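model_36.cif (mmCIF, C-alpha atoms; chains and numbers go by the auth columns) appears below.
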data_model
loop_
_atom_site.group_PDB
_atom_site.id
_atom_site.type_symbol
_atom_site.label_atom_id
_atom_site.label_comp_id
_atom_site.label_asym_id
_atom_site.label_seq_id
_atom_site.Cartn_x
_atom_site.Cartn_y
_atom_site.Cartn_z
_atom_site.B_iso_or_equiv
_atom_site.auth_seq_id
_atom_site.auth_asym_id
ATOM 1 C CA MET A 1 -131.699 152.998 44.609 0.00 20 A
ATOM 2 C CA ALA A 2 -134.433 152.902 42.002 0.00 21 A
ATOM 3 C CA GLY A 3 -134.929 151.146 38.679 0.00 22 A
ATOM 4 C CA VAL A 4 -136.822 151.386 35.417 0.00 23 A
ATOM 5 C CA ALA A 5 -137.494 148.353 33.209 0.00 24 A
ATOM 6 C CA ASP A 6 -138.202 149.002 29.539 0.00 25 A
ATOM 7 C CA LEU A 7 -140.160 145.877 28.643 0.00 26 A
ATOM 8 C CA ARG A 8 -140.044 146.481 24.887 0.00 27 A
ATOM 9 C CA ARG A 9 -136.247 146.954 24.738 0.00 28 A
ATOM 10 C CA ARG A 10 -135.482 144.519 27.613 0.00 29 A
ATOM 11 C CA VAL A 11 -133.384 147.150 29.393 0.00 30 A
ATOM 12 C CA LEU A 12 -133.156 147.557 33.162 0.00 31 A
ATOM 13 C CA MET A 13 -131.751 150.897 34.352 0.00 32 A
ATOM 14 C CA ILE A 14 -130.760 151.211 38.024 0.00 33 A
ATOM 15 C CA SER A 15 -129.291 154.219 39.801 0.00 34 A
ATOM 16 C CA GLY A 16 -128.371 154.998 43.376 0.00 35 A
ATOM 17 C CA ALA A 17 -125.500 155.537 45.775 0.00 36 A
ATOM 18 C CA ILE A 18 -123.298 153.518 48.118 0.00 37 A
ATOM 19 C CA ASP A 19 -122.135 154.969 51.404 0.00 38 A
ATOM 20 C CA THR A 20 -120.688 151.925 53.175 0.00 39 A
ATOM 21 C CA THR A 21 -117.085 150.750 53.251 0.00 40 A
ATOM 22 C CA ASP A 22 -117.500 147.770 55.588 0.00 41 A
ATOM 23 C CA HIS A 23 -120.312 145.948 53.783 0.00 42 A
ATOM 24 C CA ASP A 24 -121.118 144.501 50.399 0.00 43 A
ATOM 25 C CA VAL A 25 -124.459 145.399 48.851 0.00 44 A
ATOM 26 C CA SER A 26 -127.015 142.755 47.874 0.00 45 A
ATOM 27 C CA VAL A 27 -129.584 143.995 45.364 0.00 46 A
ATOM 28 C CA THR A 28 -132.850 142.279 44.475 0.00 47 A
ATOM 29 C CA VAL A 29 -134.939 143.656 41.620 0.00 48 A
ATOM 30 C CA ASN A 30 -138.542 142.892 40.706 0.00 49 A
ATOM 31 C CA LEU A 31 -138.608 142.308 36.960 0.00 50 A
ATOM 32 C CA PRO A 32 -141.846 142.199 34.949 0.00 51 A
ATOM 33 C CA GLU A 33 -140.740 138.848 33.498 0.00 52 A
ATOM 34 C CA PRO A 34 -137.712 136.529 33.485 0.00 53 A
ATOM 35 C CA GLY A 35 -135.327 136.228 30.538 0.00 54 A
ATOM 36 C CA ARG A 36 -132.515 138.250 29.080 0.00 55 A
ATOM 37 C CA TRP A 37 -132.070 141.866 30.221 0.00 56 A
ATOM 38 C CA GLN A 38 -129.485 144.520 29.482 0.00 57 A
ATOM 39 C CA VAL A 39 -128.551 146.194 32.776 0.00 58 A
ATOM 40 C CA ILE A 40 -127.379 149.803 32.859 0.00 59 A
ATOM 41 C CA LYS A 41 -126.315 150.625 36.403 0.00 60 A
ATOM 42 C CA SER A 42 -125.086 153.920 37.772 0.00 61 A
ATOM 43 C CA GLU A 43 -124.094 154.544 41.357 0.00 62 A
ATOM 44 C CA THR A 44 -122.306 157.286 43.235 0.00 63 A
ATOM 45 C CA ASN A 45 -119.388 156.633 45.576 0.00 64 A
ATOM 46 C CA LEU A 46 -120.397 158.352 48.821 0.00 65 A
ATOM 47 C CA THR A 47 -117.536 156.770 50.762 0.00 66 A
ATOM 48 C CA GLU A 48 -114.168 158.349 51.539 0.00 67 A
ATOM 49 C CA GLN A 49 -112.313 155.626 49.617 0.00 68 A
ATOM 50 C CA THR A 50 -111.308 155.340 45.974 0.00 69 A
ATOM 51 C CA TRP A 51 -112.625 152.159 44.360 0.00 70 A
ATOM 52 C CA VAL A 52 -110.215 150.490 41.923 0.00 71 A
ATOM 53 C CA ALA A 53 -112.324 147.388 41.239 0.00 72 A
ATOM 54 C CA MET A 54 -115.983 146.389 41.452 0.00 73 A
ATOM 55 C CA GLN A 55 -117.272 142.824 41.516 0.00 74 A
ATOM 56 C CA VAL A 56 -120.817 141.663 40.755 0.00 75 A
ATOM 57 C CA VAL A 57 -121.922 138.133 41.723 0.00 76 A
ATOM 58 C CA MET A 58 -125.232 136.722 40.433 0.00 77 A
ATOM 59 C CA ASP A 59 -127.664 134.503 42.347 0.00 78 A
ATOM 60 C CA GLY A 60 -128.228 130.823 41.539 0.00 79 A
ATOM 61 C CA GLU A 61 -130.995 131.502 38.990 0.00 80 A
ATOM 62 C CA SER A 62 -129.100 134.093 36.947 0.00 81 A
ATOM 63 C CA THR A 63 -125.953 134.425 34.849 0.00 82 A
ATOM 64 C CA PHE A 64 -124.168 137.119 32.910 0.00 83 A
ATOM 65 C CA VAL A 65 -124.448 136.895 29.131 0.00 84 A
ATOM 66 C CA ASP A 66 -121.085 136.333 27.460 0.00 85 A
ATOM 67 C CA ASP A 67 -121.216 136.505 23.678 0.00 86 A
ATOM 68 C CA PRO A 68 -119.560 138.719 21.051 0.00 87 A
ATOM 69 C CA GLU A 69 -122.742 140.777 20.542 0.00 88 A
ATOM 70 C CA THR A 70 -123.100 141.674 24.222 0.00 89 A
ATOM 71 C CA LEU A 71 -121.835 144.966 25.590 0.00 90 A
ATOM 72 C CA VAL A 72 -119.887 144.578 28.860 0.00 91 A
ATOM 73 C CA MET A 73 -118.320 147.890 29.815 0.00 92 A
ATOM 74 C CA SER A 74 -117.787 150.598 32.356 0.00 93 A
ATOM 75 C CA ARG A 75 -116.941 154.224 31.716 0.00 94 A
ATOM 76 C CA GLN A 76 -114.534 154.243 34.679 0.00 95 A
ATOM 77 C CA PHE A 77 -112.895 150.825 34.252 0.00 96 A
ATOM 78 C CA SER A 78 -111.023 149.745 31.130 0.00 97 A
ATOM 79 C CA LYS A 79 -111.011 146.001 31.874 0.00 98 A
ATOM 80 C CA SER A 80 -113.479 143.321 32.891 0.00 99 A
ATOM 81 C CA PHE A 81 -113.196 139.663 33.848 0.00 100 A
ATOM 82 C CA MET A 82 -116.056 137.141 33.787 0.00 101 A
ATOM 83 C CA THR A 83 -115.710 133.699 35.339 0.00 102 A
ATOM 84 C CA PRO A 84 -116.334 130.671 33.089 0.00 103 A
ATOM 85 C CA ASP A 85 -119.579 129.875 34.972 0.00 104 A
ATOM 86 C CA GLN A 86 -120.766 133.428 34.109 0.00 105 A
ATOM 87 C CA ARG A 87 -121.759 134.158 37.717 0.00 106 A
ATOM 88 C CA ARG A 88 -119.043 136.675 38.649 0.00 107 A
ATOM 89 C CA LEU A 89 -118.027 139.813 36.746 0.00 108 A
ATOM 90 C CA THR A 90 -115.235 142.123 37.890 0.00 109 A
ATOM 91 C CA PHE A 91 -114.525 145.586 36.511 0.00 110 A
ATOM 92 C CA TYR A 92 -111.014 146.966 37.072 0.00 111 A
ATOM 93 C CA GLY A 93 -108.304 149.065 35.422 0.00 112 A
ATOM 94 C CA GLY A 94 -109.555 152.442 36.590 0.00 113 A
ATOM 95 C CA GLU A 95 -110.933 154.188 39.628 0.00 114 A
ATOM 96 C CA VAL A 96 -113.987 155.830 41.131 0.00 115 A
ATOM 97 C CA ARG A 97 -113.081 158.566 43.578 0.00 116 A
ATOM 98 C CA PRO A 98 -115.268 159.788 46.424 0.00 117 A
ATOM 99 C CA GLY A 99 -118.219 161.755 45.058 0.00 118 A
ATOM 100 C CA GLU A 100 -117.907 160.336 41.550 0.00 119 A
ATOM 101 C CA ALA A 101 -120.446 158.141 39.773 0.00 120 A
ATOM 102 C CA VAL A 102 -119.641 154.834 38.108 0.00 121 A
ATOM 103 C CA LEU A 103 -121.508 153.473 35.082 0.00 122 A
ATOM 104 C CA LYS A 104 -121.612 149.761 34.249 0.00 123 A
ATOM 105 C CA VAL A 105 -123.359 147.974 31.368 0.00 124 A
ATOM 106 C CA TYR A 106 -123.848 144.219 31.020 0.00 125 A
ATOM 107 C CA GLU A 107 -126.541 141.662 30.242 0.00 126 A
ATOM 108 C CA ILE A 108 -128.057 139.020 32.460 0.00 127 A
ATOM 109 C CA GLU A 109 -130.143 135.925 31.798 0.00 128 A
ATOM 110 C CA THR A 110 -132.479 135.032 34.644 0.00 129 A
ATOM 111 C CA ALA A 111 -134.990 132.237 35.172 0.00 130 A
ATOM 112 C CA GLY A 112 -136.865 134.186 37.844 0.00 131 A
ATOM 113 C CA ARG A 113 -138.590 137.538 38.209 0.00 132 A
ATOM 114 C CA ARG A 114 -136.566 138.512 41.312 0.00 133 A
ATOM 115 C CA PRO A 115 -132.889 138.196 40.409 0.00 134 A
ATOM 116 C CA ALA A 116 -130.429 139.095 43.133 0.00 135 A
ATOM 117 C CA TYR A 117 -126.794 140.023 42.852 0.00 136 A
ATOM 118 C CA SER A 118 -124.181 141.367 45.203 0.00 137 A
ATOM 119 C CA TYR A 119 -121.654 144.143 44.719 0.00 138 A
ATOM 120 C CA SER A 120 -118.199 144.296 46.267 0.00 139 A
ATOM 121 C CA ARG A 121 -115.686 147.089 45.884 0.00 140 A
ATOM 122 C CA TYR A 122 -111.917 147.071 46.363 0.00 141 A
ATOM 123 C CA SER A 123 -109.990 150.061 47.630 0.00 142 A
ATOM 124 C CA PRO A 124 -106.222 149.765 48.055 0.00 143 A
ATOM 125 C CA ILE A 125 -104.865 149.993 51.575 0.00 144 A
ATOM 126 C CA ALA A 126 -103.074 153.313 51.991 0.00 145 A
ATOM 127 C CA THR A 127 -100.002 151.741 53.587 0.00 146 A
ATOM 128 C CA ASP A 128 -99.503 149.142 50.830 0.00 147 A
ATOM 129 C CA SER A 129 -96.875 149.738 48.183 0.00 148 A
ATOM 130 C CA LEU A 130 -97.970 150.145 44.563 0.00 149 A
ATOM 131 C CA GLU A 131 -96.618 146.666 43.804 0.00 150 A
ATOM 132 C CA LYS A 132 -98.533 145.117 46.736 0.00 151 A
ATOM 133 C CA SER A 133 -101.770 146.859 45.671 0.00 152 A
ATOM 134 C CA GLU A 134 -101.360 145.628 42.085 0.00 153 A
ATOM 135 C CA GLN A 135 -100.680 142.069 43.286 0.00 154 A
ATOM 136 C CA THR A 136 -103.737 142.149 45.566 0.00 155 A
ATOM 137 C CA LEU A 137 -105.899 143.449 42.714 0.00 156 A
ATOM 138 C CA GLU A 138 -104.702 140.650 40.395 0.00 157 A
ATOM 139 C CA GLU A 139 -105.553 138.046 43.045 0.00 158 A
ATOM 140 C CA LEU A 140 -108.998 139.576 43.652 0.00 159 A
ATOM 141 C CA VAL A 141 -109.832 139.586 39.942 0.00 160 A
ATOM 142 C CA THR A 142 -108.756 135.956 39.541 0.00 161 A
ATOM 143 C CA ASN A 143 -110.099 134.493 42.796 0.00 162 A
ATOM 144 C CA GLY A 144 -112.926 136.883 43.647 0.00 163 A
ATOM 145 C CA MET A 145 -113.320 139.251 46.546 0.00 164 A
ATOM 146 C CA ALA A 146 -113.948 137.865 50.020 0.00 165 A
ATOM 147 C CA ARG A 147 -117.543 138.130 51.164 0.00 166 A
ATOM 148 C CA ARG A 148 -118.257 140.798 53.759 0.00 167 A
ATOM 149 C CA PRO A 149 -121.446 141.390 55.741 0.00 168 A
ATOM 150 C CA MET A 150 -124.291 142.422 53.419 0.00 169 A
ATOM 151 C CA VAL A 151 -126.578 145.398 53.223 0.00 170 A
ATOM 152 C CA GLU A 152 -129.650 144.013 51.463 0.00 171 A
ATOM 153 C CA LEU A 153 -131.775 146.199 49.193 0.00 172 A
ATOM 154 C CA VAL A 154 -134.923 145.534 47.228 0.00 173 A
ATOM 155 C CA VAL A 155 -134.917 148.007 44.361 0.00 174 A
ATOM 156 C CA PRO A 156 -138.324 149.258 43.260 0.00 175 A
ATOM 157 C CA VAL A 157 -138.698 148.969 39.492 0.00 176 A
ATOM 158 C CA THR A 158 -141.074 151.021 37.361 0.00 177 A
ATOM 159 C CA VAL A 159 -142.122 149.249 34.150 0.00 178 A
ATOM 160 C CA ILE A 160 -142.357 151.232 30.913 0.00 179 A
ATOM 161 C CA GLY A 161 -142.846 150.238 27.281 0.00 180 A
#
Show the structure stored in the file as structure tokens.
Amino acid sequence: MAGVADLRRRVLMISGAIDTTDHDVSVTVNLPEPGRWQVIKSETNLTEQTWVAMQVVMDGESTFVDDPETLVMSRQFSKSFMTPDQRRLTFYGGEVRPGEAVLKVYEIETAGRRPAYSYSRYSPIATDSLEKSEQTLEELVTNGMARRPMVELVVPVTVIG
């Protein structure tokens, strides 16, 4: 994974790929300064599973921005859910198949220069019925996804602007 921070526009762009099904991914970025940043994140699904939900959880110094002017979206997922404490954001209502890229856009507010967040993905179990998969997805959106072992990454960030 690699990132670019546009200091003038306060935009952080990160791209990369995920090839693990048994681990969550913890990402730490080195920002030029704390504050509010729009995050544009693209990653490719290199697993053999279809993702039907993605969860992002912020560290203790950072939150998601939740106001009417803020863009929170994904090209692959039609819905999103943010917890009232603004620390967890889940995208769902779509899918990312093996080999496809997913694009997510949101804003964060961070007090530090090294915010960290973790990504979890949900893939339905092949033997579950459609109703069971939908019920599990609803529960995961509401209650959050269980933590799995982490793969920790520090994403290098090039500063422009």
Inset, instruction - Write out as a list in words each polymer residue whose atoms come within 9 Å of Val75 of chain A, counting only C-alpha atoms; drop sequence neighbours fewer than 5 positions from it. - result: Arg106, Arg107, Leu108, Thr109, Phe110, Tyr136, Ser137, Tyr138 and Ser139 of chain A
I'd like to see the residues matched by the PyMOL selection byres ((chain A and resi 99) around 10) on this file, and ideally I'd get them as a ChimeraX atom specification. /A:72-74,91-93,96-98,100-101,108-112,160
Selected by the PyMOL selection byres ((chain A and resi 134) around 7) in the shown coordinates: which residues, as a PDB file with C-alpha atoms, keeping the file's coordinate frame?
ATOM      1  CA  THR A  47    -132.850 142.279  44.475  1.00  0.00           C
ATOM      2  CA  VAL A  48    -134.939 143.656  41.620  1.00  0.00           C
ATOM      3  CA  ASP A  78    -127.664 134.503  42.347  1.00  0.00           C
ATOM      4  CA  SER A  81    -129.100 134.093  36.947  1.00  0.00           C
ATOM      5  CA  THR A 129    -132.479 135.032  34.644  1.00  0.00           C
ATOM      6  CA  GLY A 131    -136.865 134.186  37.844  1.00  0.00           C
ATOM      7  CA  ARG A 132    -138.590 137.538  38.209  1.00  0.00           C
ATOM      8  CA  ARG A 133    -136.566 138.512  41.312  1.00  0.00           C
ATOM      9  CA  ALA A 135    -130.429 139.095  43.133  1.00  0.00           C
ATOM     10  CA  TYR A 136    -126.794 140.023  42.852  1.00  0.00           C
TER      11      TYR A 136
END
Using all atoms listed in the file, which residues sit within 10 Å of Val124 of chain A once same-chain residues fewer than 4 positions away are excluded, as a ChimeraX atom specification?
/A:31-32,57-61,89-94
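With only C-alpha atoms as the atoms that count, the minimum distance from Met164 of chain A to the choices A:Val46, A:Val76, A:Ile37, A:Asn64 is reached by A:Val76.
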So which residues fall inside 6 Å of (-110.9, 150.1, 43.7) if we count all atoms listed in the file? Mind giving them as a ChimeraX atom specification? /A:69-72,114,141-142
List every protein, DNA or RNA residue with an atom no more than 8 Å from (-119.4, 139.5, 51.2) in the file's coordinates, counting all atoms listed in the file, and format the result as a list in words.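 The residues that fall inside the cut-off are His42, Asp43, Ser137, Ser139, Met164, Ala165, Arg166, Arg167, Pro168 and Met169 of chain A.
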